[in-house]
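Everything below belongs to query03.tsv, which stores TSV, C-alpha atoms.
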chain	number	residue	atom	x	y	z
O	1	MET	CA	20.71	-27.44	2.46
O	2	ALA	CA	17.78	-27.65	0.07
O	3	ARG	CA	14.81	-29.82	1.03
O	4	ALA	CA	14.65	-33.27	-0.57
O	5	GLY	CA	13.01	-33.19	-3.96
O	6	ARG	CA	13.09	-29.41	-4.16
O	7	LYS	CA	14.02	-27.96	-7.56
O	8	ASP	CA	16.18	-24.85	-7.36
O	9	ARG	CA	15.20	-23.48	-10.74
O	10	GLY	CA	17.02	-20.40	-11.90
O	11	LEU	CA	19.94	-20.92	-9.51
O	12	PHE	CA	23.40	-21.78	-10.75
O	13	GLN	CA	27.05	-21.48	-9.76
O	14	ARG	CA	29.98	-20.00	-11.59
O	15	THR	CA	33.64	-19.34	-10.91
O	16	ASN	CA	34.66	-15.71	-10.40
O	17	ALA	CA	37.96	-14.07	-11.37
O	18	ASN	CA	39.56	-15.25	-8.13
O	19	GLY	CA	38.66	-18.86	-8.85
O	20	LYS	CA	35.95	-19.05	-6.17
O	21	LEU	CA	32.45	-20.40	-6.72
O	22	GLU	CA	29.54	-17.95	-6.38
O	23	TRP	CA	25.79	-18.21	-6.73
O	24	CYS	CA	23.80	-16.43	-9.42
O	25	VAL	CA	20.17	-16.27	-10.57
O	26	ARG	CA	18.76	-16.65	-14.06
O	27	LEU	CA	15.39	-15.01	-14.85
O	28	SER	CA	13.37	-14.65	-18.03
O	29	VAL	CA	12.81	-10.93	-18.72
O	30	GLY	CA	11.03	-9.90	-21.90
O	31	GLY	CA	11.42	-13.36	-23.36
O	32	LYS	CA	15.18	-13.41	-22.81
O	33	ASP	CA	17.26	-14.98	-20.03
O	34	LYS	CA	19.12	-12.49	-17.85
O	35	LYS	CA	21.63	-13.21	-15.12
O	36	PHE	CA	21.55	-11.54	-11.70
O	37	GLY	CA	24.07	-11.87	-8.92
O	38	THR	CA	26.35	-12.59	-7.28
O	39	PHE	CA	25.09	-13.90	-3.95
O	40	PRO	CA	27.20	-15.05	-0.98
O	41	ASN	CA	25.32	-18.34	-0.64
O	42	LYS	CA	22.56	-20.45	-2.13
O	43	THR	CA	19.96	-19.30	0.42
O	44	LYS	CA	20.35	-15.63	-0.54
O	45	ALA	CA	20.17	-16.51	-4.22
O	46	ARG	CA	16.97	-18.51	-3.66
O	47	GLU	CA	15.37	-15.64	-1.68
O	48	PHE	CA	16.12	-13.24	-4.52
O	49	TYR	CA	14.72	-15.67	-7.07
O	50	GLU	CA	11.46	-16.23	-5.21
O	51	ARG	CA	10.99	-12.52	-4.48
O	52	SER	CA	11.66	-11.60	-8.11
O	53	LYS	CA	9.19	-14.21	-9.42
O	54	LEU	CA	6.50	-12.80	-7.14
O	55	GLU	CA	7.27	-9.24	-8.34
O	56	GLN	CA	7.04	-10.42	-11.95
O	57	LYS	CA	3.66	-11.96	-11.25
O	58	GLU	CA	2.40	-8.71	-9.67
O	59	GLY	CA	3.96	-6.49	-12.35
O	60	ARG	CA	6.42	-4.89	-9.92
O	61	PHE	CA	9.69	-6.34	-11.19
O	62	PHE	CA	12.15	-3.83	-12.69
O	63	PRO	CA	15.45	-5.50	-13.58
O	64	GLU	CA	17.27	-2.17	-13.85
O	65	ARG	CA	17.14	-1.93	-10.06
O	66	TYR	CA	19.56	-4.83	-9.86
O	67	GLN	CA	21.82	-3.94	-12.76
O	68	ARG	CA	24.27	-1.16	-13.53
O	69	GLY	CA	23.75	1.07	-10.50
O	70	GLY	CA	20.54	-0.37	-9.17
O	71	TYR	CA	18.01	2.30	-10.26
O	72	ALA	CA	15.99	3.06	-13.37
O	73	LYS	CA	16.79	6.09	-15.47
O	74	LEU	CA	14.60	9.16	-15.05
O	75	LYS	CA	13.93	9.34	-18.79
O	76	ASP	CA	12.53	5.79	-18.78
O	77	VAL	CA	10.29	6.47	-15.79
O	78	ILE	CA	8.96	9.68	-17.37
O	79	GLN	CA	8.32	7.93	-20.67
O	80	ARG	CA	6.40	5.18	-18.86
O	81	HIS	CA	4.33	7.93	-17.22
O	82	LEU	CA	3.56	9.53	-20.59
O	83	ASP	CA	2.68	6.17	-22.17
O	84	THR	CA	-0.06	5.68	-19.58
O	85	PHE	CA	-1.12	9.33	-19.28
O	86	THR	CA	-4.88	9.84	-19.68
O	87	GLY	CA	-5.20	13.51	-18.74
O	88	ARG	CA	-6.06	16.45	-20.96
O	89	SER	CA	-2.73	18.30	-21.03
O	90	LEU	CA	-0.35	15.85	-22.71
O	91	ARG	CA	1.39	18.74	-24.46
O	92	ASP	CA	2.25	20.31	-21.11
O	93	GLU	CA	3.48	16.95	-19.79
O	94	LYS	CA	5.85	16.65	-22.75
O	95	ARG	CA	7.13	20.18	-22.15
O	96	TYR	CA	7.84	19.35	-18.51
O	97	LYS	CA	9.60	16.14	-19.57
O	98	LYS	CA	11.89	17.98	-21.95
O	99	LYS	CA	13.03	20.44	-19.30
O	100	TRP	CA	13.61	17.89	-16.54
O	101	LEU	CA	15.70	15.74	-18.89
O	102	GLU	CA	17.76	18.81	-19.73
O	103	LEU	CA	18.38	19.33	-16.01
O	104	PHE	CA	19.02	15.61	-15.29
O	105	PRO	CA	20.40	14.06	-18.49
O	106	GLU	CA	20.86	10.28	-18.22
O	107	ALA	CA	20.29	10.51	-14.46
O	108	ARG	CA	19.10	7.55	-12.44
O	109	LEU	CA	16.45	7.85	-9.76
O	110	ASN	CA	18.95	7.67	-6.91
O	111	ALA	CA	20.53	10.88	-8.23
O	112	LEU	CA	17.32	12.83	-7.57
O	113	THR	CA	18.00	13.86	-3.98
O	114	PRO	CA	16.08	16.78	-2.42
O	115	ALA	CA	19.23	18.91	-2.65
O	116	ALA	CA	19.70	18.11	-6.34
O	117	ILE	CA	16.05	18.91	-7.05
O	118	GLU	CA	16.34	22.26	-5.23
O	119	GLN	CA	19.37	23.16	-7.36
O	120	ALA	CA	17.48	22.23	-10.52
O	121	ARG	CA	14.50	24.30	-9.37
O	122	ALA	CA	16.78	27.32	-8.98
O	123	GLN	CA	17.61	26.94	-12.68
O	124	LEU	CA	13.90	26.78	-13.52
O	125	LEU	CA	13.30	30.07	-11.71
O	126	LYS	CA	15.40	31.97	-14.23
O	127	GLY	CA	12.90	33.71	-16.48
O	128	ARG	CA	9.85	31.87	-15.07
O	129	ALA	CA	7.16	32.82	-12.59
O	130	VAL	CA	6.96	30.88	-9.33
O	131	GLY	CA	3.56	29.50	-10.38
O	132	THR	CA	5.09	28.04	-13.54
O	133	VAL	CA	7.95	26.49	-11.57
O	134	ASN	CA	5.39	24.92	-9.23
O	135	ARG	CA	3.74	23.26	-12.24
O	136	TYR	CA	7.10	21.72	-13.21
O	137	MET	CA	7.53	20.48	-9.64
O	138	GLN	CA	4.04	18.97	-9.59
O	139	PHE	CA	4.88	17.03	-12.74
O	140	LEU	CA	8.05	15.59	-11.16
O	141	ARG	CA	6.08	14.66	-8.04
O	142	ARG	CA	3.52	12.77	-10.13
O	143	VAL	CA	6.22	10.85	-11.98
O	144	LEU	CA	8.16	9.90	-8.84
O	145	ASN	CA	4.97	8.97	-6.98
O	146	LYS	CA	4.40	6.32	-9.64
O	147	ALA	CA	7.99	5.14	-9.20
O	148	VAL	CA	7.34	4.75	-5.44
O	149	ARG	CA	4.10	2.91	-6.15
O	150	ASP	CA	5.89	0.50	-8.50
O	151	GLY	CA	8.69	-0.19	-6.04
O	152	GLN	CA	11.39	1.68	-7.93
O	153	LEU	CA	11.88	4.13	-5.06
O	154	THR	CA	11.21	3.87	-1.34
O	155	SER	CA	10.15	7.53	-1.01
O	156	ASN	CA	9.56	10.57	-3.21
O	157	PRO	CA	12.40	13.11	-2.89
O	158	ALA	CA	10.40	15.80	-4.71
O	159	CYS	CA	7.82	15.77	-1.89
O	160	GLN	CA	10.53	16.92	0.50
O	161	VAL	CA	10.95	20.15	-1.48
O	162	LYS	CA	8.26	22.67	-0.53
O	163	MET	CA	6.34	24.45	-3.25
O	164	PHE	CA	6.72	28.20	-3.65
O	165	LYS	CA	3.95	30.30	-2.20
O	166	GLU	CA	2.14	31.87	-5.13
O	167	PRO	CA	0.90	35.46	-4.83
O	168	ALA	CA	-2.86	35.80	-5.12
O	169	GLY	CA	-2.60	38.79	-7.43
O	170	LYS	CA	-5.46	40.87	-8.77
O	171	THR	CA	-8.33	39.14	-10.51
O	172	ARG	CA	-8.45	40.64	-14.00
O	173	PHE	CA	-11.78	40.84	-15.82
O	174	LEU	CA	-13.02	42.74	-18.85
O	175	SER	CA	-15.28	45.75	-18.66
O	176	PRO	CA	-18.11	45.91	-21.24
O	177	LEU	CA	-16.11	48.48	-23.21
O	178	GLU	CA	-12.97	46.32	-23.21
O	179	GLU	CA	-15.00	43.32	-24.31
O	180	GLU	CA	-16.50	45.33	-27.16
O	181	THR	CA	-13.11	46.55	-28.41
O	182	VAL	CA	-11.60	43.04	-28.26
O	183	CYS	CA	-14.52	41.56	-30.22
O	184	GLN	CA	-14.39	44.31	-32.84
O	185	LYS	CA	-10.65	43.85	-33.30
O	186	LEU	CA	-10.92	40.05	-33.61
O	187	GLY	CA	-13.73	40.22	-36.16
O	188	ALA	CA	-17.23	38.78	-36.21
O	189	ALA	CA	-16.19	35.11	-36.56
O	190	TYR	CA	-13.91	35.06	-33.52
O	191	ALA	CA	-16.01	37.54	-31.53
O	192	VAL	CA	-18.60	34.78	-31.07
O	193	TRP	CA	-15.95	32.57	-29.46
O	194	VAL	CA	-15.06	35.29	-26.96
O	195	ARG	CA	-18.67	36.15	-26.19
O	196	LEU	CA	-19.57	32.48	-25.56
O	197	ALA	CA	-16.63	32.15	-23.18
O	198	ILE	CA	-17.93	35.11	-21.18
O	199	LEU	CA	-21.54	33.86	-21.24
O	200	THR	CA	-20.70	30.31	-20.11
O	201	GLY	CA	-17.47	30.58	-18.08
O	202	MET	CA	-16.04	27.52	-19.83
O	203	ARG	CA	-12.32	26.88	-19.73
O	204	GLN	CA	-10.38	27.20	-22.96
O	205	LEU	CA	-10.00	23.52	-23.84
O	206	GLU	CA	-13.54	22.73	-22.64
O	207	GLN	CA	-14.92	25.21	-25.13
O	208	PHE	CA	-12.67	24.40	-28.09
O	209	SER	CA	-13.20	20.63	-27.74
O	210	LEU	CA	-17.00	20.91	-27.49
O	211	ARG	CA	-18.93	18.45	-29.68
O	212	TRP	CA	-22.37	19.11	-31.13
O	213	GLU	CA	-23.65	15.89	-29.58
O	214	CYS	CA	-23.01	17.52	-26.19
O	215	VAL	CA	-25.14	20.60	-26.98
O	216	ASP	CA	-28.78	20.51	-25.84
O	217	LEU	CA	-30.36	23.80	-26.90
O	218	GLU	CA	-33.86	22.78	-25.85
O	219	ARG	CA	-32.86	22.26	-22.23
O	220	GLY	CA	-30.13	24.90	-22.39
O	221	VAL	CA	-27.35	22.60	-21.18
O	222	LEU	CA	-23.87	21.68	-22.40
O	223	THR	CA	-22.39	18.34	-21.32
O	224	LEU	CA	-18.65	18.30	-20.71
O	225	PRO	CA	-17.52	14.64	-20.65
O	226	THR	CA	-13.90	15.47	-19.76
O	227	THR	CA	-13.13	18.28	-17.32
O	228	LYS	CA	-10.39	19.50	-15.02
O	229	ALA	CA	-12.16	17.81	-12.11
O	230	GLY	CA	-12.02	14.50	-13.98
O	231	GLY	CA	-15.75	13.75	-14.26
O	232	VAL	CA	-18.73	14.78	-16.35
O	233	GLN	CA	-19.96	18.34	-15.71
O	234	TYR	CA	-22.74	20.50	-17.10
O	235	VAL	CA	-22.85	24.12	-18.23
O	236	ARG	CA	-26.05	26.19	-18.19
O	237	LEU	CA	-26.86	28.28	-21.26
O	238	ASN	CA	-28.72	31.59	-21.14
O	239	GLU	CA	-30.87	32.76	-24.04
O	240	GLU	CA	-28.10	34.77	-25.68
O	241	ALA	CA	-25.70	31.82	-25.57
O	242	LYS	CA	-28.32	29.54	-27.13
O	243	SER	CA	-28.93	32.12	-29.85
O	244	LEU	CA	-25.22	32.36	-30.68
O	245	LEU	CA	-24.89	28.57	-30.91
O	246	ARG	CA	-27.92	28.34	-33.22
O	247	LYS	CA	-26.23	30.75	-35.62
O	248	LEU	CA	-23.14	28.54	-35.96
O	249	ASP	CA	-23.26	26.25	-39.01
O	250	SER	CA	-20.35	23.94	-38.18
O	251	TRP	CA	-22.82	21.16	-37.35
O	252	GLN	CA	-23.37	20.76	-41.12
O	253	PHE	CA	-19.84	19.52	-41.81
O	254	SER	CA	-18.15	18.66	-38.48
O	255	VAL	CA	-18.81	16.98	-35.14
O	256	TRP	CA	-16.98	19.88	-33.48
O	257	VAL	CA	-18.67	23.15	-32.54
O	258	PHE	CA	-15.40	24.96	-33.24
O	259	PRO	CA	-13.66	22.96	-36.01
O	260	SER	CA	-10.24	23.68	-37.43
O	261	GLU	CA	-9.55	24.07	-41.15
O	262	ASN	CA	-9.64	20.28	-41.16
O	263	PRO	CA	-13.22	19.49	-40.00
O	264	ALA	CA	-12.04	16.19	-38.55
O	265	SER	CA	-10.36	18.00	-35.65
O	266	HIS	CA	-11.33	20.90	-33.42
O	267	ALA	CA	-9.56	24.26	-33.47
O	268	ASP	CA	-6.24	24.28	-31.65
O	269	PRO	CA	-6.77	26.60	-28.64
O	270	ARG	CA	-3.06	27.35	-28.24
O	271	ASN	CA	-2.67	28.19	-31.90
O	272	PHE	CA	-5.69	30.51	-31.81
O	273	TYR	CA	-4.47	32.09	-28.59
O	274	ARG	CA	-0.94	32.80	-29.89
O	275	ARG	CA	-1.88	33.86	-33.43
O	276	HIS	CA	-5.09	35.79	-32.88
O	277	TYR	CA	-6.23	36.44	-29.32
O	278	LEU	CA	-2.95	37.46	-27.63
O	279	PRO	CA	-1.74	39.78	-30.43
O	280	THR	CA	-5.15	41.50	-30.35
O	281	VAL	CA	-5.16	42.27	-26.63
O	282	LYS	CA	-1.55	43.47	-26.86
O	283	LYS	CA	-2.38	45.86	-29.70
O	284	LEU	CA	-5.24	47.24	-27.62
O	285	GLY	CA	-2.89	47.77	-24.67
O	286	LEU	CA	-4.86	45.48	-22.32
O	287	THR	CA	-2.38	44.27	-19.72
O	288	GLY	CA	-2.87	41.06	-17.78
O	289	VAL	CA	-5.57	39.78	-20.13
O	290	THR	CA	-5.47	36.08	-21.01
O	291	TRP	CA	-8.12	33.67	-22.24
O	292	HIS	CA	-8.81	32.71	-18.62
O	293	THR	CA	-9.72	36.37	-18.06
O	294	LEU	CA	-12.97	35.61	-19.88
O	295	ARG	CA	-13.86	33.05	-17.21
O	296	HIS	CA	-13.06	35.64	-14.54
O	297	THR	CA	-15.30	38.07	-16.39
O	298	PHE	CA	-18.17	35.57	-16.25
O	299	ALA	CA	-17.76	35.18	-12.47
O	300	SER	CA	-17.18	38.89	-11.82
O	301	ARG	CA	-20.38	39.90	-13.58
O	302	LEU	CA	-22.31	37.35	-11.55
O	303	ALA	CA	-20.87	38.85	-8.35
O	304	MET	CA	-21.69	42.40	-9.46
O	305	ALA	CA	-25.26	41.28	-10.17
O	306	GLY	CA	-25.61	40.17	-6.55
O	307	VAL	CA	-25.43	36.40	-7.14
O	308	THR	CA	-24.42	34.47	-4.01
O	309	GLU	CA	-21.00	32.84	-3.63
O	310	GLY	CA	-22.54	29.37	-3.58
O	311	THR	CA	-24.35	29.93	-6.86
O	312	ILE	CA	-21.23	31.37	-8.50
O	313	ALA	CA	-19.24	28.33	-7.33
O	314	ASN	CA	-21.87	26.00	-8.83
O	315	LEU	CA	-21.85	27.84	-12.16
O	316	LEU	CA	-18.04	27.78	-12.24
O	317	ARG	CA	-18.23	24.08	-11.31
O	318	HIS	CA	-16.03	24.54	-8.24
O	319	SER	CA	-16.31	22.07	-5.37
O	320	SER	CA	-16.30	24.87	-2.77
O	321	THR	CA	-16.62	28.65	-2.47
O	322	ALA	CA	-12.96	29.13	-1.49
O	323	LEU	CA	-11.84	30.28	-4.95
O	324	VAL	CA	-14.98	32.38	-5.42
O	325	ARG	CA	-14.19	34.73	-2.53
O	326	ARG	CA	-11.84	36.67	-4.77
O	327	TYR	CA	-14.97	38.23	-6.31
O	328	ALA	CA	-16.56	39.20	-2.97
O	329	HIS	CA	-15.38	42.83	-3.20
O	330	LEU	CA	-17.45	43.19	-6.37
O	331	SER	CA	-20.72	42.33	-4.66
O	332	PRO	CA	-23.18	45.24	-4.68
O	333	SER	CA	-24.80	47.38	-2.06
O	334	TYR	CA	-25.56	45.06	0.85
O	335	LEU	CA	-22.00	45.33	2.21
O	336	GLN	CA	-22.07	49.10	1.84
O	337	GLU	CA	-25.46	49.28	3.53
O	338	ALA	CA	-24.14	47.17	6.39
O	339	VAL	CA	-21.08	49.35	7.01
O	340	GLU	CA	-23.20	52.52	6.94
O	341	LYS	CA	-24.97	51.26	10.06
O	342	VAL	CA	-21.76	51.90	12.01
O	343	SER	CA	-22.02	55.68	11.60
O	344	ALA	CA	-25.76	55.62	12.26
O	345	PHE	CA	-25.37	53.66	15.50
O	346	GLY	CA	-26.68	55.59	18.55
O	347	ARG	CA	-27.92	58.60	16.61
O	348	VAL	CA	-31.31	60.04	17.51
O	349	LYS	CA	-33.62	60.20	14.53
O	350	PRO	CA	-35.05	63.68	13.87
O	351	THR	CA	-38.66	63.98	14.92
O	352	GLY	CA	-41.19	64.19	12.16
O	353	GLN	CA	-39.03	62.22	9.77
O	354	LYS	CA	-41.48	59.33	9.83
O	355	GLY	CA	-45.16	59.13	10.51
O	356	GLY	CA	-46.52	57.87	13.79
O	357	LYS	CA	-47.57	54.52	12.34
O	358	GLU	CA	-44.16	54.01	10.71
O	359	GLU	CA	-42.35	54.76	13.98
O	360	GLU	CA	-44.71	52.48	15.87
O	361	GLN	CA	-44.16	49.64	13.38
O	362	GLU	CA	-40.38	50.09	13.49
O	363	SER	CA	-40.39	50.05	17.30
O	364	LYS	CA	-42.49	46.92	17.26
O	365	GLU	CA	-40.07	45.17	14.86
O	366	GLU	CA	-37.08	46.15	17.01
O	367	ALA	CA	-38.83	44.83	20.13
O	368	GLU	CA	-39.58	41.54	18.41
O	369	THR	CA	-35.93	41.25	17.33
O	370	LEU	CA	-34.76	41.82	20.90
O	371	MET	CA	-37.21	39.19	22.13
O	372	GLU	CA	-35.89	36.68	19.62
O	373	VAL	CA	-32.31	37.33	20.70
O	374	SER	CA	-33.17	37.02	24.38
O	375	THR	CA	-34.79	33.59	23.88
O	376	VAL	CA	-31.65	32.04	22.38
O	377	PRO	CA	-29.98	29.96	25.11
O	378	LYS	CA	-26.22	29.48	25.42
O	379	THR	CA	-26.35	26.45	23.19
O	380	GLY	CA	-27.14	28.73	20.26
O	381	LYS	CA	-30.56	27.13	19.64
O	382	SER	CA	-33.85	28.94	20.06
O	383	GLU	CA	-36.65	27.57	22.23
O	384	GLU	CA	-38.67	27.01	19.11
O	385	GLY	CA	-35.87	24.95	17.62
O	386	MET	CA	-35.57	22.96	20.85
O	387	ASP	CA	-39.33	22.24	20.85
O	388	ARG	CA	-39.00	20.81	17.34
O	389	GLN	CA	-36.32	18.46	18.49
Show me this structure written as structure tokens.
Amino acid sequence: MARAGRKDRGLFQRTNANGKLEWCVRLSVGGKDKKFGTFPNKTKAREFYERSKLEQKEGRFFPERYQRGGYAKLKDVIQRHLDTFTGRSLRDEKRYKKKWLELFPEARLNALTPAAIEQARAQLLKGRAVGTVNRYMQFLRRVLNKAVRDGQLTSNPACQVKMFKEPAGKTRFLSPLEEETVCQKLGAAYAVWVRLAILTGMRQLEQFSLRWECVDLERGVLTLPTTKAGGVQYVRLNEEAKSLLRKLDSWQFSVWVFPSENPASHADPRNFYRRHYLPTVKKLGLTGVTWHTLRHTFASRLAMAGVTEGTIANLLRHSSTALVRRYAHLSPSYLQEAVEKVSAFGRVKPTGQKGGKEEEQESKEEAETLMEVSTVPKTGKSEEGMDRQ
């Protein structure tokens, strides 16, 4: 029984096909009244009404959960994701959407079981690399995570499907001769684009969407307001890079460093890549060369110049050195010098090879090294370090 004076708004009774009375709920959705039910008694109807009003207030009410099958359609959830997408790769998101809707046409969320997703992934594998398939899976995970957040699903079925292990592969970079041939084939105008990519290590979209207001030639710094990491980052310019930027005249008619034929927009990186860059490297017979190879070239040349992993990671704007270790084999002589000590271990040096003072100094240095080692206690701290504490 309802409490005295209580108004049961939104609750009403109707007669079903068998002539029995049943309880229903009326809610305003999008400015229109919609009916929900039936409920076995008035208490259940009231509980649904109160819960639904609270969800409406918090923005978590989705009427499709309670109508025609109980779950939203995948296409609607994906479209809601795209409508609120603020990342940099909207074109990729739309490509992923198209393929998933081909695999699950008109499907509702409850149809996306782990088994169904695995079967769909097997279709994606046909003609695609495992890394590409993983990108499709990551998109589906993002979409369904939002559905879980909004109360449309209790758990994400895509998270129960493990990603493929991607092979590390060989890090491809350009030799100076390969760089020269690519630049010559592209022509002087586009050669500058390639050379700047190698000198700065910028990603493709970072470079093509660069604005002149973000170029500080006096300090030698580029400001990247939108990056893969999500925040503002900075790129250091060497003297050659600054010289190349000074020679560009696009600042006279566009806000973009690399404008398209329409100065109001920047050059389309995908269009340039497909129409100019990729055909050029194919004609030259350079296998495995992409635009990202230029970023690898930047890092590889730093490694070959003896720059430390930490510095390379900072210049690449990586949060750690984990991805930089792929260039470790390119580091110069200190590794070779270290391994040579294995063959020299225990050998007696020929007499007369060094002067008496040199031998005496070397012996003294070795003795001091042994003394330092012997004063390190089991804790791994030297006595000097302990005194400081």
At a cut-off of 9 Å from (6.0, 8.5, -3.0) in the coordinates of the file, what residues are picked up using all atoms listed in the file, written as a list in words?
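Applying the cut-off with all atoms listed in the file, one gets Arg141, Arg142, Leu144, Asn145, Lys146, Ala147, Val148, Arg149, Leu153, Thr154, Ser155, Asn156, Pro157, Ala158 and Cys159 of chain O.
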Spatial neighbours of O:Gly131, 10 Å, all atoms listed in the file, chain gap at least 5 places, as a list in words:
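Here the qualifying residues turn out to be Leu125, Tyr136, Met137, Met163, Phe164, Lys165, Glu166 and Pro167 of chain O.
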Resulting file, chosen residues, C-alpha atoms, as a PDB file, in the coordinates of the input:
ATOM      1  CA  LEU O 125      13.300  30.070 -11.710  1.00  0.00           C
ATOM      2  CA  TYR O 136       7.100  21.720 -13.210  1.00  0.00           C
ATOM      3  CA  MET O 137       7.530  20.480  -9.640  1.00  0.00           C
ATOM      4  CA  MET O 163       6.340  24.450  -3.250  1.00  0.00           C
ATOM      5  CA  PHE O 164       6.720  28.200  -3.650  1.00  0.00           C
ATOM      6  CA  LYS O 165       3.950  30.300  -2.200  1.00  0.00           C
ATOM      7  CA  GLU O 166       2.140  31.870  -5.130  1.00  0.00           C
ATOM      8  CA  PRO O 167       0.900  35.460  -4.830  1.00  0.00           C
TER       9      PRO O 167
END
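Put simply, atom CA of O:Gly37 is 8.6 Å away from atom CA of O:Glu22.
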Using all atoms listed in the file, determine which residues lie at most 9 Å from O:Gln13, disregarding the query and same-chain residues fewer than 6 positions distant; provide the list as a PDB file with C-alpha atoms, in the coordinates of the input.
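Generated output (part_17.pdb):
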ATOM      1  CA  LEU O  21      32.450 -20.400  -6.720  1.00  0.00           C
ATOM      2  CA  GLU O  22      29.540 -17.950  -6.380  1.00  0.00           C
ATOM      3  CA  TRP O  23      25.790 -18.210  -6.730  1.00  0.00           C
ATOM      4  CA  CYS O  24      23.800 -16.430  -9.420  1.00  0.00           C
ATOM      5  CA  VAL O  25      20.170 -16.270 -10.570  1.00  0.00           C
ATOM      6  CA  LYS O  42      22.560 -20.450  -2.130  1.00  0.00           C
TER       7      LYS O  42
END
Mind checking which residues fall within 9 Å of O:Ala241, counting only C-alpha atoms, ignoring those fewer than 4 positions away in the same chain, and posting them as a ChimeraX atom specification?
/O:195-196,199-200,220,237,245-246
Do you know which residues are at most 12 Å from stretch 83-85 of chain O counting only C-alpha atoms, after dropping those on the same chain fewer than 6 positions away, and could you put them as a ChimeraX atom specification?
/O:76-77,91-94,139,142-143,146
